[in-house]
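Raw final_19.cif, mmCIF, N, CA and C atoms:
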data_target
loop_
_atom_site.label_atom_id
_atom_site.label_comp_id
_atom_site.auth_asym_id
_atom_site.auth_seq_id
_atom_site.Cartn_x
_atom_site.Cartn_y
_atom_site.Cartn_z
N MET I 152 0.83 -1.19 0.00
CA MET I 152 0.00 0.00 0.00
C MET I 152 0.88 1.26 0.00
N PHE I 153 1.43 1.64 1.14
CA PHE I 153 2.33 2.79 1.21
C PHE I 153 3.75 2.26 1.36
N ARG I 154 4.58 2.49 0.33
CA ARG I 154 5.96 2.02 0.36
C ARG I 154 6.95 3.14 0.65
N LYS I 155 6.57 4.38 0.30
CA LYS I 155 7.42 5.55 0.53
C LYS I 155 6.61 6.61 1.26
N ILE I 156 6.98 6.82 2.52
CA ILE I 156 6.28 7.79 3.35
C ILE I 156 7.19 8.98 3.59
N ALA I 157 6.62 10.17 3.38
CA ALA I 157 7.34 11.41 3.65
C ALA I 157 6.62 12.14 4.77
N VAL I 158 7.39 12.78 5.64
CA VAL I 158 6.79 13.56 6.73
C VAL I 158 7.37 14.97 6.71
N ALA I 159 6.46 15.95 6.71
CA ALA I 159 6.88 17.35 6.79
C ALA I 159 7.37 17.58 8.21
N TYR I 160 8.63 18.00 8.34
CA TYR I 160 9.24 18.03 9.67
C TYR I 160 9.96 19.35 9.91
N ASN I 161 9.63 19.96 11.04
CA ASN I 161 10.34 21.14 11.52
C ASN I 161 10.40 21.07 13.04
N GLU I 162 10.65 22.18 13.70
CA GLU I 162 10.82 22.15 15.15
C GLU I 162 9.52 22.26 15.92
N SER I 163 8.37 22.24 15.26
CA SER I 163 7.09 22.42 15.94
C SER I 163 6.60 21.13 16.62
N PRO I 164 5.78 21.28 17.66
CA PRO I 164 5.18 20.09 18.30
C PRO I 164 4.32 19.30 17.33
N GLU I 165 3.68 20.00 16.40
CA GLU I 165 2.83 19.32 15.41
C GLU I 165 3.67 18.41 14.52
N ALA I 166 4.84 18.88 14.13
CA ALA I 166 5.72 18.06 13.30
C ALA I 166 6.25 16.87 14.09
N GLU I 167 6.48 17.04 15.39
CA GLU I 167 6.91 15.92 16.24
C GLU I 167 5.84 14.83 16.26
N ARG I 168 4.58 15.25 16.39
CA ARG I 168 3.49 14.27 16.38
C ARG I 168 3.40 13.57 15.02
N ALA I 169 3.58 14.33 13.95
CA ALA I 169 3.55 13.74 12.61
C ALA I 169 4.67 12.73 12.45
N LEU I 170 5.87 13.08 12.93
CA LEU I 170 7.01 12.17 12.83
C LEU I 170 6.73 10.88 13.60
N THR I 171 6.21 11.00 14.80
CA THR I 171 5.90 9.82 15.61
C THR I 171 4.90 8.91 14.90
N ALA I 172 3.85 9.51 14.33
CA ALA I 172 2.85 8.71 13.60
C ALA I 172 3.46 8.08 12.35
N ALA I 173 4.29 8.82 11.64
CA ALA I 173 4.91 8.30 10.42
C ALA I 173 5.86 7.16 10.73
N ILE I 174 6.59 7.26 11.83
CA ILE I 174 7.49 6.18 12.23
C ILE I 174 6.70 4.91 12.51
N ARG I 175 5.61 5.04 13.28
CA ARG I 175 4.79 3.87 13.59
C ARG I 175 4.21 3.25 12.33
N LEU I 176 3.74 4.10 11.43
CA LEU I 176 3.17 3.61 10.19
C LEU I 176 4.22 2.92 9.32
N ALA I 177 5.39 3.55 9.19
CA ALA I 177 6.47 2.96 8.39
C ALA I 177 6.91 1.62 8.96
N LYS I 178 6.98 1.55 10.28
CA LYS I 178 7.38 0.30 10.92
C LYS I 178 6.35 -0.80 10.65
N HIS I 179 5.10 -0.47 10.78
CA HIS I 179 4.02 -1.44 10.57
C HIS I 179 3.95 -1.91 9.11
N LEU I 180 4.20 -0.99 8.18
CA LEU I 180 4.09 -1.31 6.75
C LEU I 180 5.40 -1.74 6.11
N GLY I 181 6.51 -1.59 6.84
CA GLY I 181 7.81 -1.88 6.25
C GLY I 181 8.15 -0.88 5.15
N ALA I 182 7.72 0.36 5.34
CA ALA I 182 7.89 1.38 4.31
C ALA I 182 9.16 2.20 4.53
N GLU I 183 9.62 2.81 3.46
CA GLU I 183 10.75 3.74 3.50
C GLU I 183 10.23 5.06 4.07
N LEU I 184 11.03 5.71 4.94
CA LEU I 184 10.59 6.94 5.58
C LEU I 184 11.58 8.07 5.33
N LYS I 185 11.04 9.23 4.94
CA LYS I 185 11.87 10.40 4.67
C LYS I 185 11.25 11.61 5.35
N THR I 186 12.09 12.50 5.86
CA THR I 186 11.59 13.77 6.36
C THR I 186 11.88 14.85 5.33
N ILE I 187 11.00 15.85 5.31
CA ILE I 187 11.18 17.01 4.44
C ILE I 187 11.15 18.23 5.34
N THR I 188 12.19 19.02 5.28
CA THR I 188 12.24 20.28 6.01
C THR I 188 12.47 21.39 5.00
N VAL I 189 11.59 22.37 5.02
CA VAL I 189 11.71 23.50 4.10
C VAL I 189 12.58 24.56 4.78
N VAL I 190 13.61 25.00 4.08
CA VAL I 190 14.51 26.02 4.60
C VAL I 190 13.76 27.34 4.69
N ALA I 191 13.75 27.90 5.86
CA ALA I 191 13.10 29.19 6.07
C ALA I 191 14.01 30.32 5.59
N ASP I 192 13.41 31.31 4.96
CA ASP I 192 14.18 32.48 4.57
C ASP I 192 14.61 33.23 5.81
N LEU I 193 15.77 33.87 5.73
CA LEU I 193 16.20 34.72 6.84
C LEU I 193 15.26 35.92 6.92
N PRO I 194 15.00 36.41 8.13
CA PRO I 194 14.11 37.56 8.28
C PRO I 194 14.63 38.77 7.50
N ALA I 195 13.72 39.63 7.09
CA ALA I 195 14.08 40.80 6.28
C ALA I 195 15.07 41.72 6.99
N TYR I 196 14.98 41.80 8.30
CA TYR I 196 15.87 42.70 9.04
C TYR I 196 17.34 42.30 8.92
N THR I 197 17.61 41.09 8.52
CA THR I 197 19.01 40.67 8.41
C THR I 197 19.75 41.45 7.34
N ALA I 198 19.04 41.97 6.36
CA ALA I 198 19.69 42.79 5.33
C ALA I 198 20.24 44.07 5.95
N TYR I 199 19.48 44.65 6.87
CA TYR I 199 19.95 45.86 7.55
C TYR I 199 21.14 45.54 8.46
N ALA I 200 21.02 44.45 9.19
CA ALA I 200 22.10 44.05 10.09
C ALA I 200 23.35 43.69 9.28
N GLY I 201 23.15 43.05 8.13
CA GLY I 201 24.27 42.69 7.28
C GLY I 201 25.00 43.90 6.72
N ALA I 202 24.26 44.99 6.50
CA ALA I 202 24.89 46.22 6.02
C ALA I 202 25.79 46.81 7.09
N ALA I 203 25.37 46.68 8.34
CA ALA I 203 26.16 47.21 9.45
C ALA I 203 27.36 46.32 9.75
N ASP I 204 27.15 45.00 9.64
CA ASP I 204 28.22 44.04 9.93
C ASP I 204 28.11 42.89 8.93
N PRO I 205 28.97 42.87 7.92
CA PRO I 205 28.89 41.83 6.88
C PRO I 205 28.99 40.40 7.42
N GLU I 206 29.61 40.21 8.56
CA GLU I 206 29.72 38.87 9.15
C GLU I 206 28.40 38.39 9.74
N PHE I 207 27.50 39.31 10.05
CA PHE I 207 26.24 38.96 10.71
C PHE I 207 25.44 37.94 9.88
N SER I 208 25.32 38.19 8.59
CA SER I 208 24.56 37.27 7.73
C SER I 208 25.20 35.88 7.72
N ARG I 209 26.52 35.82 7.68
CA ARG I 209 27.22 34.53 7.69
C ARG I 209 26.98 33.79 9.00
N VAL I 210 27.00 34.53 10.12
CA VAL I 210 26.74 33.92 11.43
C VAL I 210 25.32 33.35 11.48
N LEU I 211 24.36 34.13 10.97
CA LEU I 211 22.97 33.64 10.93
C LEU I 211 22.84 32.40 10.06
N MET I 212 23.49 32.39 8.91
CA MET I 212 23.44 31.22 8.02
C MET I 212 24.05 30.00 8.70
N ASP I 213 25.18 30.20 9.38
CA ASP I 213 25.83 29.09 10.09
C ASP I 213 24.91 28.56 11.20
N ASP I 214 24.28 29.47 11.94
CA ASP I 214 23.36 29.05 13.00
C ASP I 214 22.18 28.28 12.43
N ARG I 215 21.67 28.74 11.28
CA ARG I 215 20.55 28.05 10.65
C ARG I 215 20.97 26.65 10.21
N GLU I 216 22.16 26.51 9.63
CA GLU I 216 22.63 25.19 9.21
C GLU I 216 22.80 24.26 10.41
N LYS I 217 23.32 24.78 11.53
CA LYS I 217 23.47 23.97 12.75
C LYS I 217 22.10 23.55 13.26
N SER I 218 21.14 24.45 13.20
CA SER I 218 19.78 24.15 13.66
C SER I 218 19.17 23.01 12.83
N TYR I 219 19.33 23.08 11.51
CA TYR I 219 18.81 22.02 10.65
C TYR I 219 19.54 20.70 10.88
N ALA I 220 20.83 20.75 11.14
CA ALA I 220 21.59 19.53 11.42
C ALA I 220 21.08 18.88 12.71
N CYS I 221 20.81 19.70 13.72
CA CYS I 221 20.27 19.17 14.98
C CYS I 221 18.89 18.57 14.77
N LEU I 222 18.09 19.22 13.96
CA LEU I 222 16.75 18.72 13.66
C LEU I 222 16.82 17.37 12.96
N ARG I 223 17.72 17.25 11.97
CA ARG I 223 17.89 15.96 11.27
C ARG I 223 18.35 14.88 12.23
N GLU I 224 19.29 15.21 13.10
CA GLU I 224 19.81 14.23 14.06
C GLU I 224 18.72 13.79 15.03
N LYS I 225 17.90 14.72 15.45
CA LYS I 225 16.80 14.38 16.37
C LYS I 225 15.84 13.40 15.71
N ALA I 226 15.47 13.65 14.46
CA ALA I 226 14.56 12.75 13.74
C ALA I 226 15.20 11.38 13.57
N ARG I 227 16.48 11.36 13.23
CA ARG I 227 17.18 10.08 13.07
C ARG I 227 17.20 9.29 14.37
N ALA I 228 17.47 9.97 15.47
CA ALA I 228 17.54 9.29 16.78
C ALA I 228 16.18 8.73 17.18
N VAL I 229 15.12 9.50 16.96
CA VAL I 229 13.77 9.02 17.29
C VAL I 229 13.43 7.81 16.45
N ALA I 230 13.70 7.88 15.16
CA ALA I 230 13.40 6.75 14.27
C ALA I 230 14.22 5.52 14.63
N GLN I 231 15.51 5.72 14.87
CA GLN I 231 16.37 4.58 15.22
C GLN I 231 15.93 3.92 16.52
N SER I 232 15.43 4.70 17.46
CA SER I 232 14.97 4.12 18.72
C SER I 232 13.78 3.19 18.51
N GLN I 233 13.10 3.36 17.37
CA GLN I 233 11.97 2.50 17.01
C GLN I 233 12.35 1.45 15.97
N GLY I 234 13.65 1.38 15.66
CA GLY I 234 14.12 0.38 14.69
C GLY I 234 13.86 0.76 13.24
N ILE I 235 13.71 2.04 12.97
CA ILE I 235 13.42 2.52 11.61
C ILE I 235 14.57 3.39 11.12
N GLU I 236 14.96 3.18 9.88
CA GLU I 236 15.95 4.06 9.25
C GLU I 236 15.19 5.21 8.61
N ILE I 237 15.77 6.38 8.67
CA ILE I 237 15.12 7.56 8.12
C ILE I 237 16.12 8.35 7.30
N THR I 238 15.64 8.96 6.23
CA THR I 238 16.46 9.84 5.42
C THR I 238 15.89 11.24 5.54
N SER I 239 16.73 12.20 5.89
CA SER I 239 16.27 13.58 6.05
C SER I 239 16.68 14.41 4.85
N HIS I 240 15.76 15.26 4.41
CA HIS I 240 15.99 16.12 3.25
C HIS I 240 15.65 17.55 3.60
N ILE I 241 16.50 18.46 3.17
CA ILE I 241 16.27 19.89 3.30
C ILE I 241 15.94 20.40 1.90
N VAL I 242 14.83 21.11 1.78
CA VAL I 242 14.44 21.65 0.49
C VAL I 242 14.27 23.16 0.60
N GLU I 243 14.47 23.84 -0.50
CA GLU I 243 14.33 25.29 -0.52
C GLU I 243 13.18 25.68 -1.43
N GLY I 244 12.61 26.83 -1.15
CA GLY I 244 11.51 27.34 -1.96
C GLY I 244 10.32 27.65 -1.09
N GLY I 245 9.22 27.93 -1.74
CA GLY I 245 7.98 28.17 -1.01
C GLY I 245 7.56 26.89 -0.30
N GLU I 246 6.96 27.04 0.85
CA GLU I 246 6.61 25.90 1.70
C GLU I 246 5.85 24.82 0.93
N VAL I 247 4.75 25.19 0.31
CA VAL I 247 3.91 24.21 -0.38
C VAL I 247 4.59 23.68 -1.65
N GLY I 248 5.08 24.58 -2.47
CA GLY I 248 5.70 24.17 -3.74
C GLY I 248 6.91 23.27 -3.54
N ALA I 249 7.74 23.59 -2.55
CA ALA I 249 8.94 22.79 -2.31
C ALA I 249 8.58 21.38 -1.87
N ILE I 250 7.56 21.27 -1.02
CA ILE I 250 7.14 19.94 -0.55
C ILE I 250 6.53 19.14 -1.70
N ILE I 251 5.68 19.76 -2.49
CA ILE I 251 5.06 19.06 -3.62
C ILE I 251 6.12 18.61 -4.63
N ASP I 252 7.07 19.47 -4.93
CA ASP I 252 8.16 19.09 -5.85
C ASP I 252 8.93 17.89 -5.30
N PHE I 253 9.21 17.90 -3.99
CA PHE I 253 9.93 16.79 -3.36
C PHE I 253 9.11 15.50 -3.49
N LEU I 254 7.83 15.57 -3.21
CA LEU I 254 6.97 14.38 -3.29
C LEU I 254 6.97 13.78 -4.69
N ARG I 255 6.91 14.64 -5.68
CA ARG I 255 6.94 14.16 -7.08
C ARG I 255 8.28 13.50 -7.40
N LYS I 256 9.35 14.20 -7.04
CA LYS I 256 10.69 13.69 -7.35
C LYS I 256 10.95 12.34 -6.67
N GLU I 257 10.53 12.22 -5.43
CA GLU I 257 10.78 10.99 -4.66
C GLU I 257 9.71 9.92 -4.88
N LYS I 258 8.65 10.27 -5.60
CA LYS I 258 7.54 9.34 -5.86
C LYS I 258 6.96 8.79 -4.55
N ALA I 259 6.71 9.71 -3.61
CA ALA I 259 6.16 9.33 -2.32
C ALA I 259 4.72 8.85 -2.47
N ASP I 260 4.34 7.89 -1.63
CA ASP I 260 2.97 7.36 -1.62
C ASP I 260 2.09 8.09 -0.61
N LEU I 261 2.72 8.67 0.42
CA LEU I 261 1.97 9.29 1.51
C LEU I 261 2.78 10.44 2.10
N LEU I 262 2.11 11.55 2.35
CA LEU I 262 2.68 12.68 3.08
C LEU I 262 1.98 12.76 4.42
N VAL I 263 2.77 12.79 5.49
CA VAL I 263 2.22 12.93 6.84
C VAL I 263 2.55 14.33 7.33
N ILE I 264 1.52 15.07 7.76
CA ILE I 264 1.73 16.42 8.26
C ILE I 264 1.03 16.58 9.61
N GLY I 265 1.62 17.39 10.46
CA GLY I 265 1.03 17.69 11.75
C GLY I 265 0.04 18.83 11.63
N LEU I 266 -1.07 18.70 12.33
CA LEU I 266 -2.10 19.74 12.33
C LEU I 266 -2.10 20.47 13.67
N HIS I 267 -2.25 21.77 13.61
CA HIS I 267 -2.39 22.56 14.84
C HIS I 267 -3.75 22.23 15.41
N GLN I 268 -3.81 22.08 16.73
CA GLN I 268 -5.10 21.75 17.32
C GLN I 268 -5.95 23.00 17.55
N ARG I 269 -5.35 24.04 18.04
CA ARG I 269 -6.05 25.32 18.20
C ARG I 269 -5.03 26.42 18.01
N SER I 270 -5.36 27.33 17.12
CA SER I 270 -4.40 28.37 16.80
C SER I 270 -5.11 29.64 16.37
N LEU I 271 -4.52 30.77 16.68
CA LEU I 271 -5.07 32.04 16.22
C LEU I 271 -4.85 32.21 14.72
N HIS I 272 -3.92 31.45 14.18
CA HIS I 272 -3.59 31.54 12.76
C HIS I 272 -4.21 30.38 11.98
N ILE I 273 -5.37 29.93 12.41
CA ILE I 273 -5.97 28.75 11.81
C ILE I 273 -6.27 28.92 10.32
N ALA I 274 -6.63 30.11 9.91
CA ALA I 274 -6.93 30.32 8.49
C ALA I 274 -5.71 30.07 7.63
N ARG I 275 -4.53 30.56 8.06
CA ARG I 275 -3.31 30.34 7.31
C ARG I 275 -2.95 28.87 7.31
N LEU I 276 -3.09 28.23 8.45
CA LEU I 276 -2.77 26.80 8.54
C LEU I 276 -3.63 26.01 7.57
N TRP I 277 -4.93 26.23 7.60
CA TRP I 277 -5.80 25.44 6.75
C TRP I 277 -5.56 25.75 5.28
N SER I 278 -5.14 26.96 4.99
CA SER I 278 -4.80 27.30 3.62
C SER I 278 -3.61 26.46 3.16
N THR I 279 -2.58 26.35 4.01
CA THR I 279 -1.40 25.54 3.68
C THR I 279 -1.77 24.07 3.56
N VAL I 280 -2.52 23.56 4.51
CA VAL I 280 -2.94 22.15 4.48
C VAL I 280 -3.77 21.89 3.22
N TYR I 281 -4.69 22.80 2.92
CA TYR I 281 -5.53 22.64 1.74
C TYR I 281 -4.69 22.63 0.47
N GLU I 282 -3.75 23.57 0.38
CA GLU I 282 -2.89 23.64 -0.81
C GLU I 282 -2.07 22.36 -0.95
N LEU I 283 -1.55 21.85 0.16
CA LEU I 283 -0.78 20.59 0.10
C LEU I 283 -1.68 19.44 -0.34
N ALA I 284 -2.86 19.36 0.26
CA ALA I 284 -3.77 18.26 -0.07
C ALA I 284 -4.19 18.32 -1.54
N GLN I 285 -4.41 19.52 -2.07
CA GLN I 285 -4.82 19.67 -3.46
C GLN I 285 -3.68 19.40 -4.44
N GLY I 286 -2.46 19.80 -4.06
CA GLY I 286 -1.35 19.69 -5.00
C GLY I 286 -0.50 18.44 -4.87
N ALA I 287 -0.62 17.74 -3.76
CA ALA I 287 0.23 16.57 -3.53
C ALA I 287 -0.10 15.45 -4.52
N PRO I 288 0.93 14.83 -5.07
CA PRO I 288 0.71 13.73 -6.00
C PRO I 288 0.50 12.39 -5.28
N CYS I 289 0.18 12.47 -3.98
CA CYS I 289 0.00 11.26 -3.17
C CYS I 289 -1.06 11.54 -2.11
N ASN I 290 -1.36 10.55 -1.32
CA ASN I 290 -2.28 10.72 -0.20
C ASN I 290 -1.64 11.60 0.85
N VAL I 291 -2.48 12.28 1.64
CA VAL I 291 -2.02 13.15 2.71
C VAL I 291 -2.72 12.74 4.00
N LEU I 292 -1.92 12.54 5.05
CA LEU I 292 -2.46 12.18 6.36
C LEU I 292 -2.16 13.31 7.33
N GLY I 293 -3.20 13.91 7.88
CA GLY I 293 -3.04 14.96 8.89
C GLY I 293 -3.11 14.34 10.27
N VAL I 294 -2.17 14.69 11.12
CA VAL I 294 -2.08 14.10 12.46
C VAL I 294 -2.32 15.17 13.51
N HIS I 295 -3.22 14.88 14.46
CA HIS I 295 -3.45 15.78 15.60
C HIS I 295 -2.50 15.44 16.70
#
Render the structure in this file as structure tokens.
Amino acid sequence: MFRKIAVAYNESPEAERALTAAIRLAKHLGAELKTITVVADLPAYTAYAGAADPEFSRVLMDDREKSYACLREKARAVAQSQGIEITSHIVEGGEVGAIIDFLRKEKADLLVIGLHQRSLHIARLWSTVYELAQGAPCNVLGVH
């Protein structure tokens, strides 16, 4: 049924729940598991700070790379503790487009995403979830 499972993964509690569910599902189905993390753009103010100190942008980029490395390691450790191998991928671009492109390229069968349970930004969240569900070339599982 599902042989290639992808999970949208970042530092949020929702993504942690999605990862946990995806690991259990991959283990039960004997499926391949991959995480997708979309690289966030640096905040706009960094351009101003970079003008004042050219090293500032490099320091921020280095910190961002370390943060993503820690995130990948955390996912790997959680998966390994459950006896599952995981491959982590960092993608760039718009949140929805980058994930959909990744799903197509990897020929994923299922995308697992974490859902916010209650949020003041619910309209934006549902817009993203809706766009992913409409554009994904595979099934989408939302996890509470």
Emit as AutoDock Vina command-line options the padded axis-aligned box for all listed atoms of region 180-189 of chain I, 6 Å per side, with centre and edge lengths in Å to one decimal.
--center_x 8.3 --center_y 11.3 --center_z 5.8 --size_x 20.5 --size_y 38.4 --size_z 16.7
Point out the residue among I:Gln285, I:Ser278, I:Asn290, I:Thr238 with the least atom-to-atom distance to Thr186 (chain I), counting only N, CA and C atoms.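 Between I:Gln285, I:Ser278, I:Asn290, I:Thr238, the residue approaching Thr186 (chain I) most closely is I:Thr238.
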For the structure provided, state which residues fall under the PyMOL selection byres ((chain I and resi 170) around 7), and present them as an mmCIF file with N, CA and C atoms, in the frame of the given file.
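Contents of selection.cif, freshly written:
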data_model
loop_
_atom_site.group_PDB
_atom_site.id
_atom_site.type_symbol
_atom_site.label_atom_id
_atom_site.label_comp_id
_atom_site.auth_asym_id
_atom_site.auth_seq_id
_atom_site.Cartn_x
_atom_site.Cartn_y
_atom_site.Cartn_z
ATOM 1 N N VAL I 158 7.390 12.780 5.640
ATOM 2 C CA VAL I 158 6.790 13.560 6.730
ATOM 3 C C VAL I 158 7.370 14.970 6.710
ATOM 4 N N ALA I 159 6.460 15.950 6.710
ATOM 5 C CA ALA I 159 6.880 17.350 6.790
ATOM 6 C C ALA I 159 7.370 17.580 8.210
ATOM 7 N N TYR I 160 8.630 18.000 8.340
ATOM 8 C CA TYR I 160 9.240 18.030 9.670
ATOM 9 C C TYR I 160 9.960 19.350 9.910
ATOM 10 N N GLU I 165 3.680 20.000 16.400
ATOM 11 C CA GLU I 165 2.830 19.320 15.410
ATOM 12 C C GLU I 165 3.670 18.410 14.520
ATOM 13 N N ALA I 166 4.840 18.880 14.130
ATOM 14 C CA ALA I 166 5.720 18.060 13.300
ATOM 15 C C ALA I 166 6.250 16.870 14.090
ATOM 16 N N GLU I 167 6.480 17.040 15.390
ATOM 17 C CA GLU I 167 6.910 15.920 16.240
ATOM 18 C C GLU I 167 5.840 14.830 16.260
ATOM 19 N N ARG I 168 4.580 15.250 16.390
ATOM 20 C CA ARG I 168 3.490 14.270 16.380
ATOM 21 C C ARG I 168 3.400 13.570 15.020
ATOM 22 N N ALA I 169 3.580 14.330 13.950
ATOM 23 C CA ALA I 169 3.550 13.740 12.610
ATOM 24 C C ALA I 169 4.670 12.730 12.450
ATOM 25 N N THR I 171 6.210 11.000 14.800
ATOM 26 C CA THR I 171 5.900 9.820 15.610
ATOM 27 C C THR I 171 4.900 8.910 14.900
ATOM 28 N N ALA I 172 3.850 9.510 14.330
ATOM 29 C CA ALA I 172 2.850 8.710 13.600
ATOM 30 C C ALA I 172 3.460 8.080 12.350
ATOM 31 N N ALA I 173 4.290 8.820 11.640
ATOM 32 C CA ALA I 173 4.910 8.300 10.420
ATOM 33 C C ALA I 173 5.860 7.160 10.730
ATOM 34 N N ILE I 174 6.590 7.260 11.830
ATOM 35 C CA ILE I 174 7.490 6.180 12.230
ATOM 36 C C ILE I 174 6.700 4.910 12.510
ATOM 37 N N ARG I 175 5.610 5.040 13.280
ATOM 38 C CA ARG I 175 4.790 3.870 13.590
ATOM 39 C C ARG I 175 4.210 3.250 12.330
ATOM 40 N N VAL I 263 2.770 12.790 5.490
ATOM 41 C CA VAL I 263 2.220 12.930 6.840
ATOM 42 C C VAL I 263 2.550 14.330 7.330
ATOM 43 N N ILE I 264 1.520 15.070 7.760
ATOM 44 C CA ILE I 264 1.730 16.420 8.260
ATOM 45 C C ILE I 264 1.030 16.580 9.610
ATOM 46 N N GLY I 265 1.620 17.390 10.460
ATOM 47 C CA GLY I 265 1.030 17.690 11.750
ATOM 48 C C GLY I 265 0.040 18.830 11.630
#
Nearest residue to Leu266 (chain I) from the set I:Ala284, I:Leu292, I:Ala182, I:Leu254 (distances using all atoms listed in the file): I:Leu292
Hey, what's within 8 Å of Ile235 (chain I) if we count only N, CA and C atoms and toss same-chain stuff fewer than 2 positions away? As an MDAnalysis selection string, please? chainID I and resid 174 177:178 184 227 229:233 237:238
Could you write out as a ChimeraX atom specification the residues that the PyMOL selection byres ((chain I and resi 190) around 8) matches in the shown file? /I:187-189,191-193,240-246
Taken to one decimal, the CA of Gly286 (chain I)-CA of Ser218 (chain I) distance is 28.5 Å
So, with all atoms listed in the file as the atoms that count, which of I:Lys217, I:His179, I:Arg154, I:Arg223 lies closest to Leu261 (chain I)?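 Of all the options, I:Arg154 lies closest to Leu261 (chain I).
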Between atom C of His295 (chain I) and atom N of Tyr281 (chain I), what is the spacing in Å? 15.8 Å
Within region 154-283 of chain I, find each residue whose DSSP state, derived from the backbone, is strand (DSSP E), and express the selection as an NGL selection string. :I and (155-159 or 183-189 or 237-242 or 261-265)
Out of I:Glu236, I:Glu282, I:Glu257, I:Asp252, which residue has the shortest atom-to-atom distance to Glu183 (chain I) when counting all atoms listed in the file?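 Comparing I:Glu236, I:Glu282, I:Glu257, I:Asp252 against Glu183 (chain I), the winner is I:Glu236.
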Rounded to one decimal, what separation in Å do you get between CA of Val291 (chain I) and CA of His267 (chain I)?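 Interatomic distance, CA of Val291 (chain I) to CA of His267 (chain I): 15.4 Å.
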